[in-house]
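Data file: protein-v9.csv. Format and content: CSV, C-alpha atoms.
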```csv
chain,number,residue,atom,x,y,z
C,51,MET,CA,11.6,15.3,11.3
C,52,ILE,CA,11.5,11.7,10.4
C,53,ARG,CA,12.3,10.8,6.9
C,54,GLU,CA,11.8,7.6,4.9
C,55,SER,CA,13.9,4.7,6.0
C,56,ASP,CA,16.7,4.0,3.6
C,57,ASP,CA,16.6,0.2,4.2
C,58,VAL,CA,14.5,-1.4,1.6
C,59,ILE,CA,13.7,-4.5,3.7
C,60,VAL,CA,12.4,-2.5,6.7
C,61,ARG,CA,10.4,-0.2,4.4
C,62,THR,CA,8.7,-3.0,2.4
C,63,VAL,CA,8.0,-5.4,5.3
C,64,ALA,CA,6.5,-2.5,7.4
C,65,ARG,CA,4.3,-1.6,4.4
C,66,LEU,CA,3.1,-5.2,4.0
C,67,LEU,CA,2.5,-5.7,7.7
C,68,MET,CA,0.6,-2.5,8.3
C,69,PRO,CA,-3.0,-3.7,7.3
C,70,PHE,CA,-2.5,-6.9,9.3
C,71,ILE,CA,-1.4,-5.0,12.4
C,72,THR,CA,-4.4,-2.7,12.1
C,73,LEU,CA,-6.8,-5.7,11.6
C,74,TYR,CA,-5.2,-7.5,14.5
C,75,ALA,CA,-5.7,-4.4,16.7
C,76,LEU,CA,-9.4,-4.3,15.7
C,77,TYR,CA,-9.7,-8.0,16.5
C,78,VAL,CA,-8.3,-7.4,19.9
C,79,VAL,CA,-10.8,-4.6,20.4
C,80,MET,CA,-13.8,-6.5,19.2
C,81,HIS,CA,-13.1,-9.7,21.1
C,82,GLY,CA,-12.3,-8.0,24.3
C,83,HIS,CA,-15.3,-9.5,26.1
C,84,TYR,CA,-14.4,-13.0,25.0
C,85,SER,CA,-10.7,-13.2,25.3
C,86,PRO,CA,-7.8,-11.2,26.7
C,87,GLY,CA,-7.6,-7.8,25.2
C,88,GLY,CA,-9.9,-4.8,24.9
C,89,GLY,CA,-10.0,-1.2,24.2
C,90,PHE,CA,-6.7,-0.1,25.8
C,91,GLN,CA,-4.6,-2.9,24.3
C,92,GLY,CA,-6.2,-2.7,20.9
C,93,GLY,CA,-5.8,1.1,20.9
C,94,VAL,CA,-2.1,0.8,21.7
C,95,ILE,CA,-1.6,-1.8,18.9
C,96,LEU,CA,-3.4,0.6,16.5
C,97,ALA,CA,-1.1,3.5,17.5
C,98,ALA,CA,2.0,1.2,17.3
C,99,GLY,CA,1.0,0.5,13.7
C,100,PHE,CA,0.8,4.2,12.8
C,101,ILE,CA,4.1,4.8,14.6
C,102,LEU,CA,5.7,2.0,12.6
C,103,LEU,CA,4.4,3.6,9.4
C,104,VAL,CA,5.8,7.0,10.4
C,105,VAL,CA,9.2,5.6,11.4
C,106,THR,CA,9.6,3.6,8.1
C,107,GLN,CA,7.8,5.8,5.5
C,108,GLY,CA,8.6,9.2,6.9
C,109,ILE,CA,6.2,11.7,8.5
C,110,ASP,CA,5.1,13.4,5.2
C,111,ARG,CA,3.6,10.3,3.6
C,112,VAL,CA,1.6,9.3,6.7
C,113,LYS,CA,0.2,12.8,7.1
C,114,ARG,CA,-2.7,11.9,4.8
C,115,ARG,CA,-3.8,9.1,7.1
C,116,MET,CA,-3.0,10.4,10.5
C,117,SER,CA,-1.8,13.9,11.6
C,118,GLN,CA,-1.7,15.8,14.8
C,119,GLU,CA,-5.0,17.6,14.1
C,120,LYS,CA,-6.8,14.3,13.2
C,121,ALA,CA,-5.4,12.7,16.3
C,122,ILE,CA,-6.8,15.4,18.5
C,123,ILE,CA,-10.2,15.1,16.8
C,124,PHE,CA,-10.2,11.3,17.2
C,125,SER,CA,-9.2,11.5,20.9
C,126,SER,CA,-12.2,13.8,21.6
C,127,LEU,CA,-14.4,11.5,19.5
C,128,GLY,CA,-13.3,8.4,21.5
C,129,LEU,CA,-14.0,10.2,24.8
C,130,LEU,CA,-17.4,11.3,23.4
C,131,ILE,CA,-18.4,7.8,22.5
C,132,TYR,CA,-17.3,6.5,26.0
C,133,ALA,CA,-19.0,9.2,27.9
C,134,GLY,CA,-22.0,9.3,25.6
C,135,ILE,CA,-22.9,5.7,26.1
C,136,GLY,CA,-22.5,6.1,29.9
C,137,ALA,CA,-24.7,9.2,29.8
C,138,LEU,CA,-27.3,7.4,27.6
C,139,CYS,CA,-27.6,4.8,30.3
C,140,LEU,CA,-28.1,7.5,32.8
C,141,ILE,CA,-30.8,9.2,30.7
C,142,LEU,CA,-32.6,5.9,30.2
C,143,GLY,CA,-33.0,5.5,34.0
C,144,GLY,CA,-30.1,3.4,35.0
C,145,ASP,CA,-26.7,4.1,36.6
C,146,TYR,CA,-23.8,5.6,34.7
C,147,LEU,CA,-22.5,2.9,32.3
C,148,ASP,CA,-25.3,0.4,33.3
C,149,TYR,CA,-25.7,-1.1,29.9
C,150,GLY,CA,-28.7,-3.2,30.8
C,151,THR,CA,-30.9,-0.2,30.3
C,152,LEU,CA,-29.9,0.0,26.6
C,153,GLY,CA,-31.9,-3.1,26.0
C,154,ARG,CA,-35.2,-1.3,25.6
C,155,PRO,CA,-34.3,1.1,22.8
C,156,LEU,CA,-32.3,-1.5,21.0
C,157,SER,CA,-35.1,-4.1,21.5
C,158,VAL,CA,-32.8,-6.9,22.7
C,159,GLN,CA,-32.3,-8.9,25.9
C,160,ARG,CA,-30.6,-7.2,28.8
C,161,ALA,CA,-27.6,-9.6,28.7
C,162,GLU,CA,-27.2,-8.9,25.0
C,163,ALA,CA,-27.5,-5.2,25.5
C,164,ARG,CA,-24.7,-5.4,28.1
C,165,SER,CA,-22.4,-7.2,25.5
C,166,LEU,CA,-23.2,-4.5,22.9
C,167,GLY,CA,-22.7,-1.7,25.3
C,168,ILE,CA,-19.3,-3.0,26.4
C,169,LEU,CA,-18.3,-3.3,22.7
C,170,GLY,CA,-19.3,0.3,22.1
C,171,VAL,CA,-17.4,1.6,25.1
C,172,GLU,CA,-14.4,-0.4,24.0
C,173,ILE,CA,-14.5,1.1,20.6
C,174,GLY,CA,-14.5,4.5,22.2
C,175,VAL,CA,-11.6,3.7,24.5
C,176,ALA,CA,-9.6,2.2,21.6
C,177,LEU,CA,-10.1,5.3,19.5
C,178,GLY,CA,-9.2,7.6,22.3
C,179,VAL,CA,-6.1,5.6,23.3
C,180,MET,CA,-4.9,5.3,19.7
C,181,ALA,CA,-5.4,9.0,19.1
C,182,VAL,CA,-3.7,10.1,22.3
C,183,MET,CA,-0.7,7.8,21.6
C,184,CYS,CA,-0.4,9.2,18.1
C,185,ALA,CA,-0.7,12.8,19.3
C,186,ILE,CA,2.1,12.3,21.9
C,187,PHE,CA,4.3,10.7,19.2
C,188,PHE,CA,3.6,13.5,16.8
C,189,ALA,CA,4.2,16.2,19.4
C,190,ILE,CA,7.6,14.7,20.2
C,191,PHE,CA,8.7,14.2,16.7
C,192,THR,CA,7.4,17.2,14.7
C,193,PRO,CA,9.6,20.2,15.0
C,194,ASP,CA,8.0,23.1,16.8
C,195,GLN,CA,7.6,26.1,14.5
C,196,LYS,CA,8.4,28.7,17.2
C,197,ASN,CA,11.5,27.0,18.5
C,198,GLY,CA,12.8,26.4,15.0
C,199,ARG,CA,12.6,30.1,14.3
C,200,ARG,CA,14.2,31.0,17.5
C,201,GLU,CA,17.2,28.8,16.8
C,202,GLN,CA,17.9,30.5,13.5
W,177,MET,CA,-14.9,63.6,-67.8
W,178,GLU,CA,-16.1,64.0,-64.3
W,179,VAL,CA,-18.7,61.3,-64.8
W,180,THR,CA,-16.0,58.8,-66.0
W,181,LEU,CA,-13.9,59.6,-63.0
W,182,LEU,CA,-16.8,59.1,-60.7
W,183,ILE,CA,-17.6,55.7,-62.3
W,184,GLU,CA,-14.0,54.6,-62.1
W,185,ALA,CA,-13.9,55.6,-58.4
W,186,THR,CA,-17.1,53.7,-57.7
W,187,GLU,CA,-15.7,50.7,-59.5
W,188,SER,CA,-12.5,50.7,-57.5
W,189,ALA,CA,-14.4,51.2,-54.3
W,190,PHE,CA,-16.5,48.1,-55.2
W,191,LYS,CA,-13.4,46.1,-56.0
W,192,ILE,CA,-11.8,47.0,-52.6
W,193,LEU,CA,-15.0,46.1,-50.9
W,194,GLU,CA,-15.1,42.7,-52.7
W,195,ASP,CA,-11.5,42.0,-51.8
W,196,ALA,CA,-12.2,42.8,-48.2
W,197,ARG,CA,-15.2,40.5,-48.2
W,198,ASN,CA,-13.2,37.7,-49.7
W,199,HIS,CA,-10.5,38.3,-47.1
W,200,ALA,CA,-12.9,38.2,-44.3
W,201,ALA,CA,-14.5,35.0,-45.6
W,202,GLY,CA,-11.1,33.4,-45.7
W,203,ILE,CA,-10.3,34.4,-42.2
W,204,MET,CA,-13.7,33.1,-41.0
W,205,ASP,CA,-13.0,29.8,-42.7
W,206,THR,CA,-9.6,29.3,-41.1
W,207,THR,CA,-11.1,30.3,-37.7
W,208,VAL,CA,-13.8,27.7,-38.1
W,209,GLU,CA,-11.2,25.1,-39.0
W,210,LEU,CA,-9.0,26.0,-36.1
W,211,MET,CA,-11.9,25.9,-33.7
W,212,ALA,CA,-13.0,22.5,-35.0
W,213,GLU,CA,-9.4,21.2,-34.6
W,214,GLU,CA,-9.2,22.6,-31.2
W,215,SER,CA,-12.5,21.1,-30.1
W,216,ARG,CA,-11.4,17.7,-31.6
W,217,VAL,CA,-8.1,17.9,-29.6
W,218,LEU,CA,-10.0,18.8,-26.5
W,219,ARG,CA,-12.4,15.9,-27.0
W,220,ASP,CA,-9.6,13.5,-27.5
W,221,LYS,CA,-7.9,14.7,-24.4
W,222,LYS,CA,-11.2,14.3,-22.5
W,223,CYS,CA,-11.6,10.8,-23.8
W,224,ARG,CA,-8.1,9.8,-22.8
W,225,ALA,CA,-8.6,11.4,-19.3
W,226,ILE,CA,-11.8,9.4,-18.9
W,227,PHE,CA,-10.0,6.2,-20.0
W,228,THR,CA,-7.0,6.6,-17.7
W,229,GLY,CA,-9.2,7.7,-14.8
W,230,ALA,CA,-11.3,4.6,-15.3
W,231,GLN,CA,-8.2,2.5,-15.5
W,232,ARG,CA,-6.8,4.0,-12.3
W,233,ARG,CA,-10.2,3.6,-10.5
W,234,LYS,CA,-10.3,-0.1,-11.7
W,235,THR,CA,-6.8,-0.7,-10.3
W,236,ARG,CA,-7.7,0.9,-7.1
W,237,PHE,CA,-10.9,-1.1,-6.8
W,238,HIS,CA,-8.9,-4.4,-7.5
W,239,ASN,CA,-6.4,-3.4,-4.8
W,240,PHE,CA,-9.2,-2.6,-2.4
W,241,MET,CA,-11.1,-5.8,-2.9
W,242,GLY,CA,-8.0,-7.9,-2.8
W,243,THR,CA,-6.9,-6.4,0.5
W,244,ALA,CA,-10.4,-6.8,1.9
W,245,ILE,CA,-10.6,-10.5,1.0
W,246,ILE,CA,-7.1,-11.3,2.4
W,247,LEU,CA,-7.9,-9.3,5.6
W,248,PHE,CA,-11.2,-11.1,6.0
W,249,ILE,CA,-9.5,-14.5,5.8
W,250,PHE,CA,-7.0,-13.3,8.4
W,251,TRP,CA,-9.9,-12.2,10.6
W,252,SER,CA,-11.6,-15.6,10.3
W,253,LEU,CA,-8.4,-17.3,11.3
W,254,LEU,CA,-8.0,-15.1,14.3
W,255,SER,CA,-11.5,-15.0,15.5
W,256,GLY,CA,-12.8,-18.5,15.6
W,257,HIS,CA,-16.4,-17.3,16.2
W,258,PHE,CA,-18.4,-18.0,13.1
W,259,ASP,CA,-21.8,-16.6,14.1
W,260,LEU,CA,-23.4,-13.9,12.0
W,261,PHE,CA,-22.5,-11.0,14.4
W,262,HIS,CA,-18.8,-11.7,14.4
W,263,LEU,CA,-18.7,-12.3,10.7
W,264,VAL,CA,-20.4,-9.0,10.0
W,265,LEU,CA,-18.0,-7.3,12.4
W,266,GLY,CA,-15.1,-8.9,10.6
W,267,ALA,CA,-16.4,-7.8,7.2
W,268,VAL,CA,-16.9,-4.2,8.4
W,269,CYS,CA,-13.4,-4.1,10.0
W,270,SER,CA,-11.7,-5.6,7.0
W,271,LEU,CA,-13.5,-3.2,4.6
W,272,ALA,CA,-12.6,-0.2,6.8
W,273,VAL,CA,-8.9,-1.3,7.1
W,274,SER,CA,-8.6,-1.9,3.4
W,275,TYR,CA,-10.3,1.4,2.6
W,276,LEU,CA,-7.5,3.1,4.8
W,277,PHE,CA,-4.6,0.9,3.5
W,278,HIS,CA,-5.5,-0.4,0.1
W,279,ASP,CA,-2.4,1.2,-1.4
W,280,LEU,CA,0.0,-0.4,0.9
W,281,LEU,CA,-0.3,-4.2,0.2
W,282,PHE,CA,-0.1,-4.1,-3.6
W,283,VAL,CA,2.4,-1.6,-4.8
W,284,ASN,CA,4.3,-2.0,-8.1
W,285,VAL,CA,2.1,-4.8,-9.1
W,286,ARG,CA,1.1,-5.3,-12.7
W,287,ILE,CA,-2.5,-6.1,-12.1
W,288,GLY,CA,-3.2,-8.6,-14.8
W,289,ASN,CA,-0.4,-10.8,-13.6
W,290,LEU,CA,-1.4,-10.9,-9.9
W,291,ARG,CA,-3.0,-14.3,-10.1
W,292,THR,CA,0.0,-15.9,-11.8
W,293,MET,CA,2.3,-14.3,-9.2
W,294,ALA,CA,0.3,-15.6,-6.3
W,295,TRP,CA,0.4,-19.1,-7.8
W,296,ARG,CA,4.1,-19.0,-8.5
W,297,PHE,CA,4.7,-17.8,-5.0
W,298,LEU,CA,2.8,-20.7,-3.6
W,299,ILE,CA,4.9,-23.1,-5.7
W,300,TYR,CA,8.0,-21.4,-4.5
W,301,ILE,CA,7.3,-22.1,-0.8
W,302,PRO,CA,7.8,-25.9,-0.9
W,303,TRP,CA,11.0,-25.5,-2.9
W,304,LEU,CA,12.2,-23.0,-0.2
W,305,LEU,CA,11.3,-25.4,2.6
W,306,GLY,CA,13.3,-28.2,0.8
W,307,GLN,CA,16.3,-25.8,0.5
W,308,ILE,CA,16.0,-25.0,4.2
W,309,LEU,CA,16.0,-28.7,5.0
W,310,ILE,CA,19.1,-29.4,2.9
W,311,ALA,CA,20.9,-26.3,4.4
W,312,ASN,CA,20.0,-27.5,7.9
W,313,MET,CA,21.7,-30.8,7.2
W,314,HIS,CA,24.7,-29.1,5.8
W,315,VAL,CA,25.1,-26.8,8.7
W,316,ALA,CA,24.5,-29.6,11.3
W,317,ALA,CA,27.2,-31.7,9.6
W,318,LEU,CA,29.6,-28.8,9.6
W,319,VAL,CA,29.0,-28.0,13.3
W,320,LEU,CA,28.9,-31.6,14.6
W,321,ARG,CA,32.3,-32.5,13.1
W,322,PRO,CA,35.0,-32.2,15.8
W,323,LYS,CA,37.2,-30.1,13.6
W,324,MET,CA,34.3,-27.8,12.7
W,325,PRO,CA,35.5,-26.8,9.2
W,326,ILE,CA,33.6,-23.5,8.9
W,327,SER,CA,35.0,-20.6,6.9
W,328,PRO,CA,32.8,-17.6,7.6
W,329,ARG,CA,32.9,-14.9,5.0
W,330,ILE,CA,30.9,-11.9,3.8
W,331,ILE,CA,30.1,-12.0,0.1
W,332,ARG,CA,28.7,-9.3,-2.1
W,333,PHE,CA,26.8,-9.8,-5.3
W,334,LYS,CA,24.9,-7.7,-7.8
W,335,THR,CA,21.3,-8.7,-8.3
W,336,LYS,CA,19.2,-8.5,-11.5
W,337,LEU,CA,15.9,-8.0,-9.5
W,338,GLU,CA,14.3,-4.6,-9.9
W,339,THR,CA,11.4,-4.1,-7.6
W,340,ASP,CA,11.5,-3.7,-3.8
W,341,ILE,CA,9.2,-6.6,-3.2
W,342,SER,CA,11.3,-9.1,-5.1
W,343,LYS,CA,14.5,-7.9,-3.4
W,344,VAL,CA,12.9,-8.3,0.0
W,345,THR,CA,11.6,-11.8,-0.9
W,346,LEU,CA,15.1,-12.9,-2.0
W,347,ALA,CA,16.7,-11.3,1.1
W,348,ASN,CA,14.3,-13.0,3.5
W,349,SER,CA,14.7,-16.4,1.7
W,350,ILE,CA,18.5,-16.0,2.1
W,351,THR,CA,18.1,-15.2,5.8
W,352,LEU,CA,15.6,-18.1,6.3
W,353,THR,CA,18.1,-20.6,4.8
W,354,PRO,CA,20.5,-21.7,7.6
W,355,GLY,CA,24.1,-20.7,7.1
W,356,THR,CA,23.4,-17.5,5.2
W,357,ILE,CA,22.2,-14.1,6.5
W,358,THR,CA,21.4,-11.0,4.5
W,359,ILE,CA,23.2,-8.1,6.1
W,360,ASP,CA,22.2,-5.3,3.9
W,361,ILE,CA,20.9,-4.3,0.5
W,362,ARG,CA,22.4,-1.2,-1.1
W,363,GLY,CA,20.8,-0.4,-4.4
W,364,ASP,CA,21.5,-3.5,-6.5
W,365,GLU,CA,24.1,-5.1,-4.2
W,366,PHE,CA,23.4,-7.7,-1.6
W,367,TYR,CA,25.8,-8.1,1.3
W,368,VAL,CA,25.4,-11.7,2.7
W,369,HIS,CA,27.2,-13.4,5.5
W,370,ALA,CA,27.9,-17.1,4.6
W,371,LEU,CA,29.1,-19.8,6.9
W,372,SER,CA,31.0,-21.9,4.5
W,373,HIS,CA,32.5,-22.1,1.1
W,374,MET,CA,29.7,-24.3,-0.2
W,375,VAL,CA,26.7,-22.1,0.8
W,376,ALA,CA,28.5,-19.1,-0.7
W,377,ASP,CA,29.0,-21.0,-4.0
W,378,ASP,CA,25.3,-21.9,-3.9
W,379,LEU,CA,24.5,-18.2,-3.6
W,380,TYR,CA,26.8,-17.2,-6.4
W,381,GLY,CA,25.1,-19.9,-8.5
W,382,GLY,CA,22.0,-17.8,-8.3
W,383,GLU,CA,19.3,-20.4,-8.5
W,384,MET,CA,17.2,-18.8,-5.7
W,385,GLU,CA,17.5,-15.4,-7.5
W,386,ASP,CA,16.3,-17.0,-10.7
W,387,ARG,CA,13.3,-18.5,-9.0
W,388,VAL,CA,12.4,-15.2,-7.3
W,389,ALA,CA,12.7,-13.4,-10.6
W,390,HIS,CA,10.4,-16.0,-12.0
W,391,ILE,CA,7.8,-15.4,-9.4
W,392,PHE,CA,7.7,-11.6,-9.9
W,393,MET,CA,8.0,-11.9,-13.7
W,394,GLU,CA,11.2,-10.0,-13.9
W,395,GLY,CA,13.6,-12.5,-15.4
W,396,ASP,CA,11.0,-13.8,-17.9
W,397,HIS,CA,10.7,-10.5,-19.7
W,398,LEU,CA,14.4,-10.2,-20.2
W,399,TYR,CA,14.6,-13.7,-21.5
W,400,LEU,CA,11.8,-13.1,-24.0
W,401,GLN,CA,13.5,-9.9,-25.2
W,402,ASP,CA,16.8,-11.8,-25.6
W,403,ALA,CA,15.0,-14.4,-27.8
W,404,LEU,CA,13.4,-11.7,-29.9
W,405,ASP,CA,16.7,-10.0,-30.4
W,406,ALA,CA,18.4,-13.3,-31.4
W,407,ALA,CA,15.6,-14.0,-33.9
W,408,ARG,CA,16.0,-10.6,-35.6
W,409,ILE,CA,19.8,-11.2,-35.9
W,410,TYR,CA,19.2,-14.6,-37.4
W,411,GLU,CA,16.7,-13.2,-39.8
W,412,THR,CA,19.2,-10.6,-41.1
W,413,LEU,CA,21.9,-13.1,-41.4
W,414,GLY,CA,19.5,-15.4,-43.4
W,415,VAL,CA,20.5,-18.5,-41.5
```

Represent the supplied structure as structure tokens.
Amino acid sequence: MIRESDDVIVRTVARLLMPFITLYALYVVMHGHYSPGGGFQGGVILAAGFILLVVTQGIDRVKRRMSQEKAIIFSSLGLLIYAGIGALCLILGGDYLDYGTLGRPLSVQRAEARSLGILGVEIGVALGVMAVMCAIFFAIFTPDQKNGRREQ
Amino acid sequence: MEVTLLIEATESAFKILEDARNHAAGIMDTTVELMAEESRVLRDKKCRAIFTGAQRRKTRFHNFMGTAIILFIFWSLLSGHFDLFHLVLGAVCSLAVSYLFHDLLFVNVRIGNLRTMAWRFLIYIPWLLGQILIANMHVAALVLRPKMPISPRIIRFKTKLETDISKVTLANSITLTPGTITIDIRGDEFYVHALSHMVADDLYGGEMEDRVAHIFMEGDHLYLQDALDAARIYETLGV
């Protein structure tokens, strides 16, 4: 069980940096098709932000924002977005993840539809990566109920 | 004889009935009073709850909007694309992040004073840069002299700062200034490593601490209270 850090500098600076880390992660996700970055990198930065918050503020105070249950739901949601956009392209008559076919229902050019489709897929990937990283972290650092009872 | 007895009995019965009625009326009156009082108390409590709730909501809204604006500026600096699509993306992202984390950026802040604090903080930065420049010269002069007259030491001093954020500002200012490094803060005590006698004396002088207290309005309140106390003493003395 991780408790609140007793160092006031670490605690306060982590608290102040947290919104900026999250926004930076979103920036990396959203600009993945212009500059280095993308869903995986942005998702890892998002997860790193949550892990920083857990390490400094203690696991109890972060529970409201991110917990194991939420992480599992979000990882499924990310996968659903990714696979859903791919399947949508398939339904609209293209190949799997052929974003060009999304142009007709969105009433935009094919090239623009590709850009938007990639953005959607990246958001899905980022959600999935963030949630899985958080889930792994929580699985390692929350005490298992059964094992705890057995030790007593 | 029997008739008189009967009349007396009837009269006493009537008297008892009258008493009972008066009694009941009194009880009814007090009940009504009590109920009125209770409802008044309840209404007051409700009013107060509405007021404090509104206050809390207002504070939360201020925090939310402040965080969102700061984050949107940060996004614009990062992004560099200023077409409509990217600006809308940035606005959506910063609103979402500030919805999630609006209680992290501004904690322990007395809301009315936020603007003054930001202004004082902006004024503090050039002063800090000047101090860093002076300390750089000092450390360079120490190190470049062939004898290298440094006298490293760890000093400990008690601070008058109260909130976390002001303590962290002071600690980071000390660390940024060459020659001094904050090692630890335990409660009210700072443990600082200083390179020479002079920088340690500077720290003991406490000018930086005064300035940080001034930013976060912690020293000022104390000084105002001192002045008021002194005024009261002078008044009683009749000076």

Q.
Let me make sure I understand: among W:Ile308, W:Ile391, W:Ala272, W:Leu337, which one has the smallest atom-to-atom distance to chain C if we use all atoms listed in the file?
A.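 Closest to chain C, using all atoms listed in the file: W:Ala272.
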
Q: Using only C-alpha atoms, find the residues of chain C whose closest atom to chain W is at most 8 Å away, then write them as a PyMOL selection string.
A: chain C and resi 57-59+62-63+65-66+68-70+72-74+76-77+81+115

Q.
Just to confirm, what's the straight-line distance from atom CA of Ile135 of chain C to atom CA of Glu119 of chain C in Å (one decimal)?
A.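 We find that atom CA of Ile135 of chain C and atom CA of Glu119 of chain C lie 24.6 Å from each other.
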
Q.
Report, in Å with one decimal, the straight-line distance from atom CA of Ser117 of chain C to atom CA of Ile101 of chain C.
A. 11.3 Å

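Relative to atom CA of Phe333 of chain W, atom CA of Tyr367 of chain W is found at 6.9 Å.
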
Q | Selection: 10 Å around Cys184 of chain C, only C-alpha atoms, excl. self and same-chain fewer than 6 positions, as number ranges by chain | A | C: 94, 96-101, 116-118, 120-122, 125, 178, 190

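Using all atoms listed in the file for every distance, the candidate list C:Arg53, C:Arg164, C:Arg61, C:His83 yields C:Arg164 as the residue closest to Gly136 of chain C.
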
(Q) I'd like to know which of C:Tyr149, C:Tyr132, C:Phe191, C:Phe90 is closest to Ala176 of chain C, using all atoms listed in the file. (A) C:Phe90

Q. If you count only C-alpha atoms, which residues fall within 10 Å of Leu166 of chain C, apart from same-chain ones fewer than 2 positions away, as a list in words?
A.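 Selected residues are His83, Tyr149, Gly150, Leu152, Gly153, Leu156, Val158, Arg160, Ala161, Glu162, Ala163, Arg164, Ile168, Leu169, Gly170, Val171 and Glu172 of chain C.
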